[in-house]
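Enquirer: Got a structure here, written out as structure tokens. Questions coming.
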Amino acid sequence: MNEAVQIERSTRISYLFAAFGLLLLFFLITAPFYLGRSELYLLVEIFSYLALASLWNLLAGYTGLASIGQQAFVGLGGYALFALTIFLRIPPILAVLAASIVAALLAVPTAWVIFRLKGAYFAIGTWVVAEVYRLVFAQVSGLGAGSGTSLPTQVVQSIASGRAARDNLIYWTGLGLVVAVLTVTYLILRSRWGLALTAIRDSEPAAESVGVHNYRTKFFIYFITAGATGSVGALIFMQKLRISPEAAFSVHDWTAFVIFIVVIGGIGRMEGPLIGTIVFFLLRAFLADLGPWYLMLLGAFAIFVTLTMPKGVAGWLAEKFDLDLFPLRRRVRLPKLKSNEDPEASGIGRIGI
Amino acid sequence: MDLVATVVDGILLGGLYALFASGLSLIFGVMRLVNIAHGDLIVLSAFIALVVTDHFGVHPLVSLVLVVPFMALLGYGLQRGIFNRALDSDILRPVLVSFGVSVFLQNALLQTFSADSRRLQAGNLETLHLDLPGGMAVGVLPCLMFIVVLVVIGGLQLLLYHNELGRAFRSVSDDQQTAQLMGINNAHLFGIAMALSLAIVSVAGVFLGIRTNFDPSIGPTRMIFACEAIIIGGLGDLWGTLVGGVILGIAQTLGARINPGYQILAGHLVFLAILTLRPQGFFAKIR
């Protein structure tokens, strides 16, 4: 009698990666004690892009909601930070969290309107909404209208006393935010929601027919990602200390780069944004001085990757080396076979969910 | 009376938006591609017209003799070389690829022509106007643009419904696999459709360049206007796209009348309102 077929999710690689992740996290938490100011600043930027990319990946790669308008929520989060701290005198760190509530609440009417559009026109619709928010904030004179405003000195000082303490606190907030985003994304993908998302991505009618509420599921993911994107936006502009409609709702900075990161790293895989962010910051370190040439190269590279390896670097690694850093897929382990049975049928089978 | 003049301005502005949109509408109809680089291609053709007019000292409208074939060839190449490879059942890849093309083009233009604002010099065509009864006047240029968009859309309709090529376009639009079984070379046909789309784009680009200042960054906004016109009018109907463009144009000029800062915002808000009340647009043929 053979032993039963087993379903497994974690692999040796994923345990190793988890151990490595914890080690890395320890170093990152203690980083302010041995890294300089500019390194910390760069790390917060990396955290911001990693968080934005993971959120966009959850939205587009897993849910099929190809938004080109996530800059709407980055900008709303940034402006929420300024409005909450200046007008309501809410402590800045608390305002970073509150910004997610503001962004998520505004995502509700936004989704209600643009969910009428499908596919590529949905992408355009999200962009239109982001433009609407940009044009509206350009009219708000209390926040500097079109030319923007700086975070007042007393607000800056209320983050923490002293520049070093402020830098450290912003750094830890950023680290906390990116860890939270990655954890929540991971938990969603491991849950029933994750299964529903994969089903929707593969076939909407089929998903609906097996009991997935497509609309509700998409709405939920849009709502969650908008909220988290808002917090990241608040963090970004807390670090910059200055906001303007152009910077806050920039499609280049908060959507184009993010899309390139996810596409190059691997869309629809949790490893994608991690790898993409590393590639992006390496390219930036070496090529940013080239100005427009750098963006042309980045655009061309993203087109090339989309056409030749649609699953990006992470997908290529997974196919080539059977490498899953996050235990999200289910693998079927077939029972060990007796020596007289067909050896071809033994070993680990895979199903692609 | 002032209000009437504003509405007339809006209608004529809408003609330009419909011209932006008709090329985009054609390729969406044929291959369900929403080309996010469409606006940047409009700006590209304005810049090429600028080079041609500077180099040969000709009128911008004459420069079309060179700009149209150039853009058509570019369109065919772009389609065969890049977009065809991204078209499959996945909706995400065409969006990502055309977005990549958009960023690439914008920065290529920035690198070549700098961020300075430019304009095509069209001599007295810019200021010529017709006096209408009631003390109103309309510019000859906006009227010419409107006539051109009528000709373009009328021509596309003739092509689509009374011509062999149009029949091929419609059959591919209905069912790509079956069309291929009937001996249609889809890849080539898509190339032709994109060539046609960019030929229209080059006319739109030249009119844009005569009418307003342009710089490498204004493409995406023109693409958004074009998409709004298409969605308001209803997907797949070219005359609907014209109506959509006109509605958008009127919304913008009325918004600008209240406050110049509200022009674009008013257009977007009317678009979102129509989307909320009538998501399929006014004359949709494609669902």
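Just so we're on the same page: first chain in the structure tokens is A, next is B, and so on; residues restart at 1 for each chain, and ligands are numbered from 1 in the order they show up.
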Taking only C-alpha atoms into account, which residues of chain B are within 6 Å of chain A, as a list in words?
Expert: Val97, Gly100, Val103, Phe104, Asn107, Gln111 and Thr276 of chain B
Enquirer: How about saving the chosen residues, N, CA and C atoms kept, as a CSV table (one decimal), in the first residue's frame?
Expert:
```csv
chain,number,residue,atom,x,y,z
B,97,VAL,N,3.7,47.3,-22.6
B,97,VAL,CA,4.6,47.6,-23.7
B,97,VAL,C,4.4,49.0,-24.3
B,100,GLY,N,5.8,51.4,-22.0
B,100,GLY,CA,7.2,51.5,-22.2
B,100,GLY,C,7.6,52.3,-23.4
B,103,VAL,N,7.2,56.1,-22.5
B,103,VAL,CA,8.3,56.6,-21.7
B,103,VAL,C,9.5,56.8,-22.6
B,104,PHE,N,9.8,55.8,-23.4
B,104,PHE,CA,11.0,55.8,-24.3
B,104,PHE,C,10.9,57.1,-25.2
B,107,ASN,N,11.3,60.5,-23.6
B,107,ASN,CA,12.7,60.9,-23.2
B,107,ASN,C,13.6,61.0,-24.4
B,111,GLN,N,15.6,64.3,-25.1
B,111,GLN,CA,17.0,64.3,-25.4
B,111,GLN,C,17.3,65.1,-26.7
B,276,THR,N,-20.1,57.4,-15.1
B,276,THR,CA,-20.9,56.9,-14.0
B,276,THR,C,-22.4,56.7,-14.5
```
Enquirer: Can you list, as a PyMOL selection string, every residue of stretch 34-275 of chain B that DSSP puts in strand (DSSP E or B)?
Expert: chain B and resi 118+129-132+136-139+214
Enquirer: Using only C-alpha atoms, which residues sit within 9 Å of B:Leu16 once same-chain residues fewer than 2 positions away are excluded, as a list in words?
Expert: Leu12, Leu13, Gly14, Ala18, Leu19, Phe20, Ala21, Pro142, Met145, Phe146, Val149, Ala204, Phe207, Leu208, Gly245, Val246 and Gly249 of chain B
Enquirer: Quick one: everything within 10 Å of B:Val270, counting only C-alpha atoms, minus sequence neighbours fewer than 2 positions away in the same chain. Send it as a ChimeraX atom specification.
Expert: /B:228,232,247-248,250-252,265-268,272-276
Enquirer: Please identify which residues in stretch 62-103 of chain A DSSP calls helix (DSSP H, G or I) from the backbone, and express them as a ChimeraX atom specification.
Expert: /A:62,71-87,92-103
Enquirer: Write a file of the just-selected residues containing N, CA and C atoms, as a CSV table (one decimal), in the first residue's frame.
Expert:
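Here's the written file selection-v4.csv:
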```csv
chain,number,residue,atom,x,y,z
A,62,TYR,N,-1.6,40.1,-9.7
A,62,TYR,CA,-2.4,39.0,-9.1
A,62,TYR,C,-3.9,39.2,-9.4
A,71,GLN,N,-0.3,56.7,-8.6
A,71,GLN,CA,0.2,58.0,-8.1
A,71,GLN,C,-0.9,58.8,-7.4
A,72,ALA,N,-2.1,58.5,-7.8
A,72,ALA,CA,-3.2,59.2,-7.1
A,72,ALA,C,-3.1,59.0,-5.6
A,73,PHE,N,-2.8,57.7,-5.2
A,73,PHE,CA,-2.8,57.4,-3.7
A,73,PHE,C,-1.5,57.8,-3.1
A,74,VAL,N,-0.4,57.8,-3.8
A,74,VAL,CA,0.8,58.3,-3.3
A,74,VAL,C,0.6,59.8,-3.0
A,75,GLY,N,0.1,60.5,-3.9
A,75,GLY,CA,-0.2,61.9,-3.8
A,75,GLY,C,-1.1,62.2,-2.6
A,76,LEU,N,-2.2,61.5,-2.6
A,76,LEU,CA,-3.2,61.7,-1.6
A,76,LEU,C,-2.6,61.4,-0.2
A,77,GLY,N,-1.8,60.4,-0.1
A,77,GLY,CA,-1.2,60.1,1.2
A,77,GLY,C,-0.2,61.2,1.6
A,78,GLY,N,0.5,61.7,0.6
A,78,GLY,CA,1.5,62.8,0.9
A,78,GLY,C,0.7,64.0,1.4
A,79,TYR,N,-0.3,64.4,0.6
A,79,TYR,CA,-1.1,65.6,1.0
A,79,TYR,C,-1.8,65.4,2.3
A,80,ALA,N,-2.3,64.1,2.6
A,80,ALA,CA,-2.9,63.8,3.9
A,80,ALA,C,-2.0,64.1,5.0
A,81,LEU,N,-0.7,63.7,4.9
A,81,LEU,CA,0.3,63.9,5.9
A,81,LEU,C,0.4,65.4,6.2
A,82,PHE,N,0.5,66.2,5.1
A,82,PHE,CA,0.7,67.7,5.3
A,82,PHE,C,-0.6,68.3,5.9
A,83,ALA,N,-1.8,67.9,5.4
A,83,ALA,CA,-3.0,68.4,5.9
A,83,ALA,C,-3.2,68.0,7.4
A,84,LEU,N,-3.0,66.8,7.7
A,84,LEU,CA,-3.3,66.3,9.1
A,84,LEU,C,-2.3,66.9,10.1
A,85,THR,N,-1.0,67.1,9.7
A,85,THR,CA,-0.1,67.6,10.6
A,85,THR,C,-0.2,69.1,10.7
A,86,ILE,N,-0.5,69.8,9.6
A,86,ILE,CA,-0.6,71.3,9.6
A,86,ILE,C,-1.9,71.8,10.2
A,87,PHE,N,-3.0,71.2,9.7
A,87,PHE,CA,-4.3,71.7,10.2
A,87,PHE,C,-4.8,71.1,11.5
A,92,PRO,N,3.3,63.5,13.3
A,92,PRO,CA,3.6,63.1,12.0
A,92,PRO,C,3.6,61.5,11.8
A,93,ILE,N,4.2,60.8,12.7
A,93,ILE,CA,4.2,59.3,12.5
A,93,ILE,C,2.8,58.8,12.5
A,94,LEU,N,2.0,59.3,13.4
A,94,LEU,CA,0.6,58.9,13.4
A,94,LEU,C,-0.1,59.2,12.1
A,95,ALA,N,0.2,60.4,11.6
A,95,ALA,CA,-0.4,60.9,10.3
A,95,ALA,C,0.0,60.0,9.2
A,96,VAL,N,1.2,59.3,9.2
A,96,VAL,CA,1.6,58.4,8.2
A,96,VAL,C,0.6,57.2,8.1
A,97,LEU,N,0.2,56.8,9.3
A,97,LEU,CA,-0.8,55.7,9.4
A,97,LEU,C,-2.2,56.2,9.0
A,98,ALA,N,-2.5,57.4,9.5
A,98,ALA,CA,-3.9,57.9,9.2
A,98,ALA,C,-4.0,58.2,7.7
A,99,ALA,N,-2.9,58.5,7.0
A,99,ALA,CA,-2.9,58.7,5.6
A,99,ALA,C,-3.5,57.5,4.8
A,100,SER,N,-3.3,56.4,5.4
A,100,SER,CA,-3.8,55.2,4.7
A,100,SER,C,-5.3,55.1,4.8
A,101,ILE,N,-5.8,55.6,5.9
A,101,ILE,CA,-7.3,55.7,6.0
A,101,ILE,C,-7.9,56.7,5.0
A,102,VAL,N,-7.2,57.8,4.9
A,102,VAL,CA,-7.7,58.8,3.9
A,102,VAL,C,-7.7,58.3,2.5
A,103,ALA,N,-6.6,57.7,2.1
A,103,ALA,CA,-6.4,57.1,0.8
A,103,ALA,C,-7.4,56.0,0.5
```
Enquirer: One number please: atom CA of B:Ile153 to atom CA of B:Leu96, in Å, one decimal.
Expert: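 Here the two named atoms are 28.7 Å from each other.
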